[in-house]
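J.: Take a look at this one; I'll ask things after.
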Amino acid sequence: MVPNLGFEKWSSLEIVVMVVIAAVFGVIMTYGQFLFDLAYAAGGFWAANLLAGVFHTPGLMAAYMIRKKYTAFTTQMLNSVATVLLGSPTGLNDFMFGFLEGVGFEAGLAIWRYKRYDWLSIGVAAALSAPLSSIWVYVWLNLWTQPFWSWFPAEGLKFLYIQPYVLLIAVGLPKSLEKAGVVLPYQRGV
């Protein structure tokens with residue numbers, strides 16, 4: 001018998017929403033990684049991390065739209081699969097980024113017991129995901145071989161400046177689409 005870990009059943013529509021968000025952002029992130037790498041080469045961590053918010057968006061957008069437990073984590077992992085299949089320059093590291101970001105998202109949403117989905121809860125979830133993904137950046141890029149001051153301000157404080165991107169895309173875009181009538185709101189979390 002499989003233990004119940006608190007997963008709520010997703011409808012077919014919700015699964016499609018998660019897959020579409022993961023796939024669309026998979027394309028954006030795969031090709032966005034090339035811009036990220038160019039920015040890193042030109043201006044280091046500060047320049048590159050200005051684009052980092054896009055990488056933290058798919059899971060939170062799906063969580064905001066669907067409003068069920070583990071939606072953010074699942075969508076972020078689906079997004080990792082999409083980026084790897086599309087040939088992301090970071091390759092299998094995307095799985096680790098997706099896992100750590102998804103854990104951070106779920107930790108942030110769990111603070112409100114998955115009952116609150118607004119600018120604040122999504123912002124906290126985004127803020128908690130950034131330090132976790134920064135741990136993997138630290139390990140992956142061997143940052144312990146570089147002076148602390150050369151990378152920590154940009155990478156360690158990333159959560160302060162990725163939030164505007166994440167909030168604008170993950171919350172603002174769905175709200176705008178619903179207001180415009182492009183996306184019809186459906187009964188969420190049921």
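Each chain of the structure tokens is named A, B, ... in the order shown, its residues numbered from 1; ligands are numbered from 1 in display order.
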Find the residues near stretch 82-89 of chain A: any atom within 10 Å, counting only C-alpha atoms, skip ones fewer than 2 places away on the same chain, and give them as a list in words.
T.: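 The residues satisfying every condition are Val19, Ala22, Ala23, Val24, Phe25, Gly26, Val27, Ile28, Met29, Thr30, Tyr31, Gly32, Gln33, Phe34, Asp37, Gln76, Met77, Leu78, Asn79, Ser80, Gly91, Leu92, Asn93, Asp94 and Phe95 of chain A.
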J.: Could you find all residues in stretch 8-189 of chain A that DSSP calls helix (DSSP H, G or I) from the backbone, and write them as a PyMOL selection string?
T.: chain A and resi 12-49+52-56+58-66+71-85+93-110+119-140+143-145+148-156+158-180
J.: For the selection just defined, write its residues with C-alpha atoms to a file, as a tab-separated table (two decimals), in the first residue's frame.
T.:
```
chain	number	residue	atom	x	y	z
A	12	SER	CA	-6.75	16.60	-16.17
A	13	LEU	CA	-6.93	20.34	-16.81
A	14	GLU	CA	-4.53	21.05	-13.94
A	15	ILE	CA	-2.04	18.47	-15.22
A	16	VAL	CA	-2.21	20.03	-18.67
A	17	VAL	CA	-1.63	23.50	-17.16
A	18	MET	CA	1.44	22.22	-15.28
A	19	VAL	CA	2.87	20.51	-18.37
A	20	VAL	CA	2.26	23.50	-20.64
A	21	ILE	CA	3.87	25.93	-18.16
A	22	ALA	CA	6.82	23.56	-17.72
A	23	ALA	CA	7.27	23.14	-21.48
A	24	VAL	CA	6.93	26.84	-22.37
A	25	PHE	CA	9.35	27.87	-19.66
A	26	GLY	CA	11.59	24.97	-20.68
A	27	VAL	CA	12.04	26.60	-24.07
A	28	ILE	CA	12.46	30.07	-22.55
A	29	MET	CA	14.97	28.82	-19.99
A	30	THR	CA	16.98	26.68	-22.39
A	31	TYR	CA	17.58	29.56	-24.74
A	32	GLY	CA	17.63	32.07	-21.90
A	33	GLN	CA	20.57	30.15	-20.46
A	34	PHE	CA	22.65	31.31	-23.41
A	35	LEU	CA	21.82	34.95	-22.53
A	36	PHE	CA	22.55	34.19	-18.87
A	37	ASP	CA	25.97	32.78	-19.84
A	38	LEU	CA	26.74	35.81	-22.02
A	39	ALA	CA	25.76	38.15	-19.19
A	40	TYR	CA	27.95	36.16	-16.80
A	41	ALA	CA	30.92	36.37	-19.17
A	42	ALA	CA	30.40	40.11	-19.64
A	43	GLY	CA	29.59	41.19	-16.10
A	44	GLY	CA	29.95	38.30	-13.65
A	45	PHE	CA	27.39	37.19	-11.12
A	46	TRP	CA	25.65	40.55	-10.85
A	47	ALA	CA	24.86	40.80	-14.55
A	48	ALA	CA	23.86	37.16	-14.89
A	49	ASN	CA	21.65	37.06	-11.81
A	52	ALA	CA	17.79	34.61	-12.68
A	53	GLY	CA	14.15	35.35	-11.85
A	54	VAL	CA	12.98	33.61	-15.00
A	55	PHE	CA	14.47	30.34	-13.72
A	56	HIS	CA	12.40	30.54	-10.53
A	58	PRO	CA	7.36	28.10	-13.67
A	59	GLY	CA	6.63	26.27	-10.41
A	60	LEU	CA	5.24	29.34	-8.70
A	61	MET	CA	3.11	30.32	-11.67
A	62	ALA	CA	1.52	26.86	-11.68
A	63	ALA	CA	1.07	26.96	-7.89
A	64	TYR	CA	-0.62	30.35	-8.12
A	65	MET	CA	-2.96	29.14	-10.85
A	66	ILE	CA	-3.78	25.67	-9.46
A	71	THR	CA	2.14	21.78	-7.64
A	72	ALA	CA	5.15	24.12	-7.52
A	73	PHE	CA	7.61	21.28	-6.93
A	74	THR	CA	6.08	19.02	-9.58
A	75	THR	CA	5.97	21.76	-12.21
A	76	GLN	CA	9.54	22.81	-11.48
A	77	MET	CA	10.70	19.20	-11.90
A	78	LEU	CA	8.71	18.86	-15.16
A	79	ASN	CA	10.40	22.05	-16.27
A	80	SER	CA	13.79	20.50	-15.49
A	81	VAL	CA	12.92	17.51	-17.66
A	82	ALA	CA	11.90	19.86	-20.48
A	83	THR	CA	15.12	21.88	-20.32
A	84	VAL	CA	17.28	18.74	-20.32
A	85	LEU	CA	15.36	17.27	-23.28
A	93	ASN	CA	22.38	20.16	-13.35
A	94	ASP	CA	18.90	21.40	-14.21
A	95	PHE	CA	17.46	18.49	-12.21
A	96	MET	CA	19.28	19.63	-9.08
A	97	PHE	CA	18.25	23.24	-9.62
A	98	GLY	CA	14.62	22.17	-10.18
A	99	PHE	CA	14.65	19.99	-7.08
A	100	LEU	CA	16.12	22.64	-4.78
A	101	GLU	CA	13.95	25.44	-6.16
A	102	GLY	CA	10.86	23.23	-5.84
A	103	VAL	CA	11.69	22.42	-2.21
A	104	GLY	CA	12.09	26.14	-1.49
A	105	PHE	CA	8.77	26.92	-3.19
A	106	GLU	CA	6.92	24.30	-1.18
A	107	ALA	CA	8.54	25.45	2.07
A	108	GLY	CA	7.35	28.99	1.38
A	109	LEU	CA	3.82	27.92	0.52
A	110	ALA	CA	3.66	25.55	3.50
A	119	TRP	CA	1.84	38.41	-3.81
A	120	LEU	CA	3.19	37.83	-0.28
A	121	SER	CA	3.08	34.03	-0.21
A	122	ILE	CA	4.52	33.70	-3.72
A	123	GLY	CA	7.21	36.27	-2.82
A	124	VAL	CA	8.21	34.33	0.29
A	125	ALA	CA	8.30	31.08	-1.68
A	126	ALA	CA	10.54	32.73	-4.30
A	127	ALA	CA	12.78	34.13	-1.58
A	128	LEU	CA	13.20	30.68	0.00
A	129	SER	CA	14.02	29.01	-3.30
A	130	ALA	CA	16.90	31.33	-4.18
A	131	PRO	CA	19.27	30.40	-1.32
A	132	LEU	CA	18.68	26.70	-1.96
A	133	SER	CA	19.56	26.98	-5.63
A	134	SER	CA	22.55	29.14	-4.64
A	135	ILE	CA	23.89	26.19	-2.63
A	136	TRP	CA	24.03	24.15	-5.83
A	137	VAL	CA	25.68	27.04	-7.70
A	138	TYR	CA	28.30	27.14	-4.94
A	139	VAL	CA	29.03	23.41	-5.30
A	140	TRP	CA	28.71	23.19	-9.09
A	143	LEU	CA	33.03	28.76	-5.58
A	144	TRP	CA	34.95	27.76	-2.46
A	145	THR	CA	38.06	28.28	-4.60
A	148	PHE	CA	33.95	35.07	-0.66
A	149	TRP	CA	33.43	38.73	-1.60
A	150	SER	CA	33.69	37.92	-5.34
A	151	TRP	CA	30.49	35.85	-5.46
A	152	PHE	CA	28.45	36.09	-2.26
A	153	PRO	CA	26.86	39.55	-2.69
A	154	ALA	CA	25.42	38.59	-6.08
A	155	GLU	CA	24.64	34.91	-5.51
A	156	GLY	CA	23.92	34.90	-1.78
A	158	LYS	CA	19.88	36.82	-5.16
A	159	PHE	CA	16.55	36.45	-3.39
A	160	LEU	CA	16.33	40.24	-3.01
A	161	TYR	CA	16.37	41.02	-6.69
A	162	ILE	CA	14.74	38.00	-8.33
A	163	GLN	CA	11.45	38.57	-6.52
A	164	PRO	CA	10.21	41.40	-8.75
A	165	TYR	CA	10.66	39.20	-11.84
A	166	VAL	CA	9.06	36.18	-10.25
A	167	LEU	CA	6.12	38.10	-8.82
A	168	LEU	CA	5.50	39.99	-12.03
A	169	ILE	CA	5.48	36.83	-14.15
A	170	ALA	CA	4.11	34.19	-11.73
A	171	VAL	CA	1.30	36.30	-10.26
A	172	GLY	CA	0.93	39.33	-12.52
A	173	LEU	CA	0.67	37.47	-15.82
A	174	PRO	CA	-2.12	35.06	-14.77
A	175	LYS	CA	-4.03	37.93	-13.11
A	176	SER	CA	-3.74	40.02	-16.27
A	177	LEU	CA	-4.84	37.16	-18.51
A	178	GLU	CA	-7.88	36.47	-16.31
A	179	LYS	CA	-8.81	40.16	-16.27
A	180	ALA	CA	-8.51	40.36	-20.05
```
J.: Nearest to A:Lys68 among A:Thr90, A:Ile111, A:Gln146, A:Glu8, with distances taken over only C-alpha atoms: which residue is it?
T.: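 Smallest distance to A:Lys68 is found for A:Glu8.
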